[in-house]
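Student: What follows is work16.cif, made up of mmCIF, C-alpha atoms:
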data_target
loop_
_atom_site.group_PDB
_atom_site.id
_atom_site.type_symbol
_atom_site.label_atom_id
_atom_site.label_comp_id
_atom_site.auth_asym_id
_atom_site.auth_seq_id
_atom_site.Cartn_x
_atom_site.Cartn_y
_atom_site.Cartn_z
ATOM 1 C CA MET A 94 5.210 24.673 -8.271
ATOM 2 C CA ARG A 95 4.511 21.432 -6.413
ATOM 3 C CA ARG A 96 1.037 20.855 -5.110
ATOM 4 C CA PRO A 97 0.611 20.515 -1.322
ATOM 5 C CA LEU A 98 1.408 17.004 -0.199
ATOM 6 C CA THR A 99 -0.386 14.903 2.354
ATOM 7 C CA ILE A 100 1.449 11.704 3.246
ATOM 8 C CA THR A 101 -0.562 9.110 5.123
ATOM 9 C CA ALA A 102 0.543 6.864 7.940
ATOM 10 C CA THR A 103 2.094 4.449 5.513
ATOM 11 C CA ALA A 104 5.065 6.425 4.222
ATOM 12 C CA LEU A 105 7.584 4.895 6.633
ATOM 13 C CA LEU A 106 6.168 1.438 7.029
ATOM 14 C CA LEU A 107 8.409 -0.539 4.736
ATOM 15 C CA LEU A 108 11.193 0.020 7.197
ATOM 16 C CA SER A 109 9.325 -2.665 9.092
ATOM 17 C CA LEU A 110 10.325 -5.222 6.480
ATOM 18 C CA ALA A 111 14.019 -4.651 7.018
ATOM 19 C CA SER A 112 14.470 -3.596 10.632
ATOM 20 C CA PRO A 113 17.407 -5.425 12.216
ATOM 21 C CA ALA A 114 16.822 -7.732 15.172
ATOM 22 C CA SER A 115 19.827 -6.378 17.048
ATOM 23 C CA ALA A 116 18.643 -2.867 17.822
ATOM 24 C CA ALA A 117 15.174 -1.531 18.455
ATOM 25 C CA PRO A 118 14.918 1.715 16.507
ATOM 26 C CA ALA A 119 13.702 4.869 18.133
ATOM 27 C CA GLY A 120 10.555 6.158 16.513
ATOM 28 C CA PRO A 121 10.754 9.380 14.535
ATOM 29 C CA ASP A 122 9.715 12.623 16.172
ATOM 30 C CA VAL A 123 6.304 13.777 14.996
ATOM 31 C CA PRO A 124 6.201 17.592 14.742
ATOM 32 C CA ALA A 125 3.451 19.450 16.543
ATOM 33 C CA GLY A 126 0.358 19.826 14.406
ATOM 34 C CA VAL A 127 1.179 16.797 12.224
ATOM 35 C CA ARG A 128 -1.055 13.735 12.184
ATOM 36 C CA ALA A 129 1.084 10.655 11.734
ATOM 37 C CA GLY A 130 1.010 6.964 12.447
ATOM 38 C CA TYR A 131 3.789 4.408 12.098
ATOM 39 C CA VAL A 132 4.658 0.862 13.035
ATOM 40 C CA VAL A 133 8.107 -0.729 12.920
ATOM 41 C CA LEU A 134 8.039 -4.525 12.939
ATOM 42 C CA ASP A 135 11.069 -6.746 13.384
ATOM 43 C CA ARG A 136 10.297 -9.632 11.032
ATOM 44 C CA GLN A 137 12.875 -11.894 12.642
ATOM 45 C CA THR A 138 11.224 -11.775 16.056
ATOM 46 C CA GLY A 139 7.702 -10.778 15.003
ATOM 47 C CA ARG A 140 7.858 -7.984 17.568
ATOM 48 C CA VAL A 141 6.704 -4.403 17.076
ATOM 49 C CA THR A 142 9.702 -2.317 18.105
ATOM 50 C CA ALA A 143 8.225 1.160 17.655
ATOM 51 C CA GLN A 144 4.793 2.575 17.022
ATOM 52 C CA HIS A 145 2.777 5.750 17.162
ATOM 53 C CA GLU A 146 -0.981 5.994 16.608
ATOM 54 C CA ALA A 147 -0.788 2.488 15.137
ATOM 55 C CA HIS A 148 -4.562 2.106 14.752
ATOM 56 C CA ARG A 149 -5.405 5.658 13.738
ATOM 57 C CA ARG A 150 -7.235 5.721 10.408
ATOM 58 C CA PHE A 151 -5.892 7.713 7.497
ATOM 59 C CA ARG A 152 -7.073 8.174 3.942
ATOM 60 C CA SER A 153 -5.165 5.579 1.953
ATOM 61 C CA ALA A 154 -4.619 7.512 -1.288
ATOM 62 C CA SER A 155 -2.723 5.142 -3.607
ATOM 63 C CA VAL A 156 -1.671 2.689 -0.890
ATOM 64 C CA VAL A 157 -5.012 0.918 -1.441
ATOM 65 C CA LYS A 158 -3.615 -0.224 -4.799
ATOM 66 C CA ILE A 159 -1.897 -3.022 -2.885
ATOM 67 C CA LEU A 160 -5.302 -4.371 -1.824
ATOM 68 C CA ILE A 161 -6.681 -3.913 -5.331
ATOM 69 C CA ALA A 162 -3.764 -5.928 -6.748
ATOM 70 C CA ILE A 163 -4.086 -8.735 -4.193
ATOM 71 C CA ASP A 164 -7.827 -9.011 -4.789
ATOM 72 C CA TYR A 165 -7.451 -9.090 -8.564
ATOM 73 C CA LEU A 166 -4.641 -11.649 -8.652
ATOM 74 C CA GLU A 167 -6.319 -13.980 -6.170
ATOM 75 C CA SER A 168 -9.546 -13.988 -8.168
ATOM 76 C CA HIS A 169 -7.875 -14.333 -11.606
ATOM 77 C CA ARG A 170 -5.465 -17.267 -11.629
ATOM 78 C CA ASP A 171 -5.051 -16.997 -15.407
ATOM 79 C CA ALA A 172 -5.032 -13.235 -15.840
ATOM 80 C CA PRO A 173 -4.625 -12.017 -19.417
ATOM 81 C CA ARG A 174 -1.305 -10.458 -20.306
ATOM 82 C CA ARG A 175 -2.855 -7.042 -20.914
ATOM 83 C CA ASP A 176 -4.303 -7.026 -17.377
ATOM 84 C CA LEU A 177 -0.965 -8.002 -15.869
ATOM 85 C CA ALA A 178 0.666 -5.138 -17.752
ATOM 86 C CA LEU A 179 -2.002 -2.739 -16.460
ATOM 87 C CA LEU A 180 -1.511 -4.062 -12.936
ATOM 88 C CA GLY A 181 2.217 -3.417 -13.235
ATOM 89 C CA ARG A 182 1.535 0.144 -14.336
ATOM 90 C CA MET A 183 -0.774 0.651 -11.368
ATOM 91 C CA LEU A 184 1.942 -0.463 -8.921
ATOM 92 C CA ARG A 185 5.152 0.804 -10.533
ATOM 93 C CA VAL A 186 4.023 4.295 -11.567
ATOM 94 C CA SER A 187 0.889 4.505 -9.408
ATOM 95 C CA ASP A 188 -1.341 4.923 -12.451
ATOM 96 C CA ASP A 189 -4.781 6.096 -11.302
ATOM 97 C CA ALA A 190 -6.644 5.133 -14.471
ATOM 98 C CA ALA A 191 -5.382 1.569 -14.100
ATOM 99 C CA ALA A 192 -6.546 1.487 -10.489
ATOM 100 C CA THR A 193 -9.978 2.773 -11.489
ATOM 101 C CA THR A 194 -10.282 0.013 -14.097
ATOM 102 C CA PHE A 195 -9.635 -2.741 -11.543
ATOM 103 C CA TRP A 196 -11.686 -0.953 -8.872
ATOM 104 C CA THR A 197 -14.758 -0.798 -11.096
ATOM 105 C CA ARG A 198 -14.394 -4.370 -12.341
ATOM 106 C CA GLY A 199 -13.884 -5.764 -8.845
ATOM 107 C CA GLY A 200 -16.961 -4.200 -7.289
ATOM 108 C CA ARG A 201 -15.451 -1.041 -5.828
ATOM 109 C CA GLY A 202 -15.750 -1.055 -2.030
ATOM 110 C CA ARG A 203 -16.344 -4.811 -2.019
ATOM 111 C CA ILE A 204 -12.646 -5.173 -2.886
ATOM 112 C CA VAL A 205 -11.763 -3.558 0.432
ATOM 113 C CA GLU A 206 -14.309 -5.621 2.345
ATOM 114 C CA ARG A 207 -12.985 -8.886 0.874
ATOM 115 C CA THR A 208 -9.325 -8.137 1.456
ATOM 116 C CA ALA A 209 -9.908 -6.743 4.949
ATOM 117 C CA ARG A 210 -11.610 -9.991 5.954
ATOM 118 C CA LYS A 211 -8.986 -12.214 4.368
ATOM 119 C CA LEU A 212 -5.938 -10.289 5.634
ATOM 120 C CA GLY A 213 -7.369 -9.576 9.104
ATOM 121 C CA LEU A 214 -7.349 -5.789 8.683
ATOM 122 C CA THR A 215 -9.252 -4.306 11.599
ATOM 123 C CA ASP A 216 -8.928 -0.586 10.811
ATOM 124 C CA THR A 217 -9.542 -0.685 7.044
ATOM 125 C CA ALA A 218 -12.855 0.390 5.509
ATOM 126 C CA PRO A 219 -14.178 1.240 2.026
ATOM 127 C CA PRO A 220 -14.766 4.819 0.902
ATOM 128 C CA PRO A 221 -17.855 6.592 2.254
ATOM 129 C CA ALA A 222 -21.158 5.592 0.646
ATOM 130 C CA ASP A 223 -21.409 8.956 -1.122
ATOM 131 C CA LYS A 224 -17.987 8.467 -2.771
ATOM 132 C CA PRO A 225 -18.048 4.857 -4.037
ATOM 133 C CA GLY A 226 -15.757 5.527 -6.993
ATOM 134 C CA PHE A 227 -13.068 7.240 -4.934
ATOM 135 C CA TRP A 228 -10.771 4.309 -4.113
ATOM 136 C CA GLY A 229 -8.267 6.720 -2.501
ATOM 137 C CA TYR A 230 -10.847 7.482 0.207
ATOM 138 C CA THR A 231 -10.418 3.971 1.585
ATOM 139 C CA SER A 232 -9.338 4.316 5.216
ATOM 140 C CA LEU A 233 -6.530 2.324 6.797
ATOM 141 C CA SER A 234 -4.055 2.408 9.643
ATOM 142 C CA ALA A 235 -0.324 1.953 9.973
ATOM 143 C CA MET A 236 -0.913 -1.422 11.625
ATOM 144 C CA ASP A 237 -3.082 -2.605 8.752
ATOM 145 C CA VAL A 238 -0.419 -1.652 6.232
ATOM 146 C CA VAL A 239 2.049 -3.816 8.162
ATOM 147 C CA ARG A 240 -0.516 -6.640 8.160
ATOM 148 C CA SER A 241 -0.904 -6.286 4.391
ATOM 149 C CA TYR A 242 2.820 -6.651 3.794
ATOM 150 C CA ARG A 243 3.045 -9.555 6.229
ATOM 151 C CA TYR A 244 0.273 -11.270 4.282
ATOM 152 C CA LEU A 245 2.208 -10.835 1.047
ATOM 153 C CA LEU A 246 5.457 -12.062 2.573
ATOM 154 C CA ASP A 247 4.162 -14.906 4.722
ATOM 155 C CA ARG A 248 0.770 -16.142 3.511
ATOM 156 C CA ALA A 249 0.035 -15.149 -0.064
ATOM 157 C CA ALA A 250 0.565 -17.629 -2.876
ATOM 158 C CA PRO A 251 4.085 -17.247 -4.334
ATOM 159 C CA ARG A 252 2.629 -16.010 -7.639
ATOM 160 C CA VAL A 253 0.723 -13.193 -5.914
ATOM 161 C CA ARG A 254 3.652 -12.309 -3.659
ATOM 162 C CA ASP A 255 6.174 -12.242 -6.479
ATOM 163 C CA ILE A 256 4.043 -10.159 -8.831
ATOM 164 C CA VAL A 257 3.061 -7.516 -6.273
ATOM 165 C CA LEU A 258 6.405 -7.203 -4.495
ATOM 166 C CA GLY A 259 8.285 -7.457 -7.786
ATOM 167 C CA HIS A 260 6.498 -4.367 -9.060
ATOM 168 C CA LEU A 261 6.927 -2.524 -5.750
ATOM 169 C CA ARG A 262 10.657 -3.236 -5.861
ATOM 170 C CA GLY A 263 10.681 -1.730 -9.330
ATOM 171 C CA ALA A 264 8.697 1.398 -8.445
ATOM 172 C CA GLU A 265 9.813 4.178 -10.774
ATOM 173 C CA ARG A 266 11.025 7.586 -9.697
ATOM 174 C CA CYS A 267 7.950 9.451 -10.960
ATOM 175 C CA GLY A 268 4.320 8.463 -10.937
ATOM 176 C CA SER A 269 2.281 8.535 -14.127
ATOM 177 C CA ASP A 270 1.148 12.029 -13.125
ATOM 178 C CA GLY A 271 4.778 13.210 -13.067
ATOM 179 C CA PHE A 272 4.944 13.476 -9.267
ATOM 180 C CA ASP A 273 8.217 12.403 -7.652
ATOM 181 C CA GLN A 274 7.279 9.318 -5.639
ATOM 182 C CA TYR A 275 10.719 8.727 -4.164
ATOM 183 C CA PHE A 276 9.934 10.533 -0.910
ATOM 184 C CA GLY A 277 10.213 8.769 2.437
ATOM 185 C CA ILE A 278 11.775 5.315 2.241
ATOM 186 C CA PRO A 279 13.291 5.572 -1.273
ATOM 187 C CA SER A 280 15.011 8.853 -0.423
ATOM 188 C CA ALA A 281 16.258 7.656 2.978
ATOM 189 C CA VAL A 282 17.030 3.962 2.593
ATOM 190 C CA PRO A 283 19.261 2.343 -0.051
ATOM 191 C CA ARG A 284 17.845 -0.485 -2.146
ATOM 192 C CA PRO A 285 16.637 -3.145 -1.891
ATOM 193 C CA TRP A 286 13.209 -1.975 -0.819
ATOM 194 C CA ALA A 287 9.665 -2.526 -1.993
ATOM 195 C CA VAL A 288 7.307 0.378 -1.535
ATOM 196 C CA LYS A 289 3.891 1.714 -2.495
ATOM 197 C CA GLN A 290 3.596 5.408 -1.872
ATOM 198 C CA GLY A 291 0.423 7.384 -1.355
ATOM 199 C CA TRP A 292 -0.039 11.126 -1.790
ATOM 200 C CA SER A 293 -2.889 13.545 -2.257
ATOM 201 C CA ALA A 294 -3.432 17.261 -2.431
#
Please, can you express the file's structure as structure tokens?

Tutor:
Amino acid sequence: MRRPLTITATALLLLSLASPASAAPAGPDVPAGVRAGYVVLDRQTGRVTAQHEAHRRFRSASVVKILIAIDYLESHRDAPRRDLALLGRMLRVSDDAAATTFWTRGGRGRIVERTARKLGLTDTAPPPADKPGFWGYTSLSAMDVVRSYRYLLDRAAPRVRDIVLGHLRGAERCGSDGFDQYFGIPSAVPRPWAVKQGWSA
């Protein structure tokens, strides 16, 4: 039996990378009793075409692995091959042990503080002080997820962009824990897409 699933604000956000300039999409209906946030950005015009609770904070779950990857790659220009392989595992199959390795090495919550400053993330914060090792307790908003992808696409060094987005384009059907991570965008939108899913019980 599947465990209960909580999907954060980020599940639909990669639609923002591919939304056509010709038609502003209608936002999805949010059922009563569901907390959700989304942002749809038209990259051709730079205009937000749909949004709901864009700055509401959600627990990131594994979406924070994008920030962990950016921070690691930008501070290790000559990363060893074994670390690059571990980074790929963290992004492609959402491996939690890999994320914990980079989280601990990078200073835990300081990773979030550094990337939030650099990427201009206004709604993103490290885990609570009493849970410093719980990277999935990082808080973020739908708008900050869009800002993170815009950073990768428009401002990050090509090496960082290509490594991170390359792995997200190659995200595998199941996470390392066996959970089907092809919900949301992968189940609704044909490739090509690049996505980092987040789920928690």

Student: Take CA of Arg152 (chain A) and CA of Pro225 (chain A) and report the distance between them in Å, one decimal.

Tutor: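 Distance between the two atoms: 14.0 Å.
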
Student: Using all atoms listed in the file, which of A:Arg243, A:Arg248, A:Lys289, A:Arg254 sits nearest Val157 (chain A)?

Tutor: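 Under the stated criterion, the closest residue is A:Lys289.
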
Student: Counting all atoms listed in the file, which of A:Leu246, A:Glu265, A:Ala294, A:Tyr230 gets nearest to Ala154 (chain A)?

Tutor: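 Residue with the minimum atom-to-atom distance to Ala154 (chain A): A:Tyr230.
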
Student: Between CA of Ser155 (chain A) and CA of Asp135 (chain A), what is the distance in Å, rounded to a tenth?

Tutor: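 Separation between CA of Ser155 (chain A) and CA of Asp135 (chain A): 24.9 Å.
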
Student: Report as a ChimeraX atom specification the residues that result from applying the PyMOL selection byres ((chain A and resi 245) around 12) to the structure here.

Tutor: /A:110,159-160,162-164,166-167,208,211-212,238-244,246-259,261,287

Student: For the atom pair CA of Phe227 (chain A) and CA of Asp189 (chain A), what is the interatomic distance in Å to one decimal place?

Tutor: 10.5 Å

Student: Calculated over only C-alpha atoms, which of the candidates A:Asp237, A:Arg150, A:Phe195, A:Arg136 has the smallest distance to Gly181 (chain A)?

Tutor: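 The closest residue to Gly181 (chain A) is A:Phe195.
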
Student: When you look at Glu206 (chain A) with a cut-off of 9 Å (counting only C-alpha atoms), what residues show up, excluding the ones that are within fewer than 6 positions of it in the same chain? I need them as a CSV table (one decimal) with C-alpha atoms, keeping the file's coordinate frame.

Tutor:
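Resulting contents of part.csv:
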chain,number,residue,atom,x,y,z
A,217,THR,CA,-9.5,-0.7,7.0
A,218,ALA,CA,-12.9,0.4,5.5
A,219,PRO,CA,-14.2,1.2,2.0

Student: Extract, using all atoms listed in the file, all DNA, RNA and protein residues at most 7 Å from Ser269 (chain A), discarding same-chain residues fewer than 2 positions from it, and format them as an mmCIF file with C-alpha atoms, keeping the file's coordinate frame.

Tutor:
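The resulting file, part.cif, is reproduced below:
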data_model
loop_
_atom_site.group_PDB
_atom_site.id
_atom_site.type_symbol
_atom_site.label_atom_id
_atom_site.label_comp_id
_atom_site.auth_asym_id
_atom_site.auth_seq_id
_atom_site.Cartn_x
_atom_site.Cartn_y
_atom_site.Cartn_z
ATOM 1 C CA VAL A 186 4.023 4.295 -11.567
ATOM 2 C CA SER A 187 0.889 4.505 -9.408
ATOM 3 C CA ASP A 188 -1.341 4.923 -12.451
ATOM 4 C CA CYS A 267 7.950 9.451 -10.960
ATOM 5 C CA GLY A 271 4.778 13.210 -13.067
#

Student: With all atoms listed in the file as the counted atoms, please give the residues lying no more than 10 Å from Arg266 (chain A), apart from itself and same-chain residues fewer than 5 positions off, as a list in words.

Tutor: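 Those residues are Arg185, Val186, Gly271, Phe272, Asp273, Gln274, Tyr275, Phe276 and Pro279 of chain A.
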
Student: Using all atoms listed in the file, find the one residue out of A:Leu177, A:Ile204, A:Ala172, A:Met236 that sits nearest to Ala191 (chain A).

Tutor: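 Distance minimum relative to Ala191 (chain A) lands on A:Leu177.
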
Student: Considering all atoms listed in the file, state which residue in the set A:Ala235, A:Met183, A:Thr142, A:Arg207 is at the smallest distance from Ala129 (chain A).

Tutor: A:Ala235

Student: From the list A:Gly268, A:Gly263, A:Gly126, A:Pro121, which residue is nearest Arg284 (chain A) when using all atoms listed in the file?

Tutor: A:Gly263
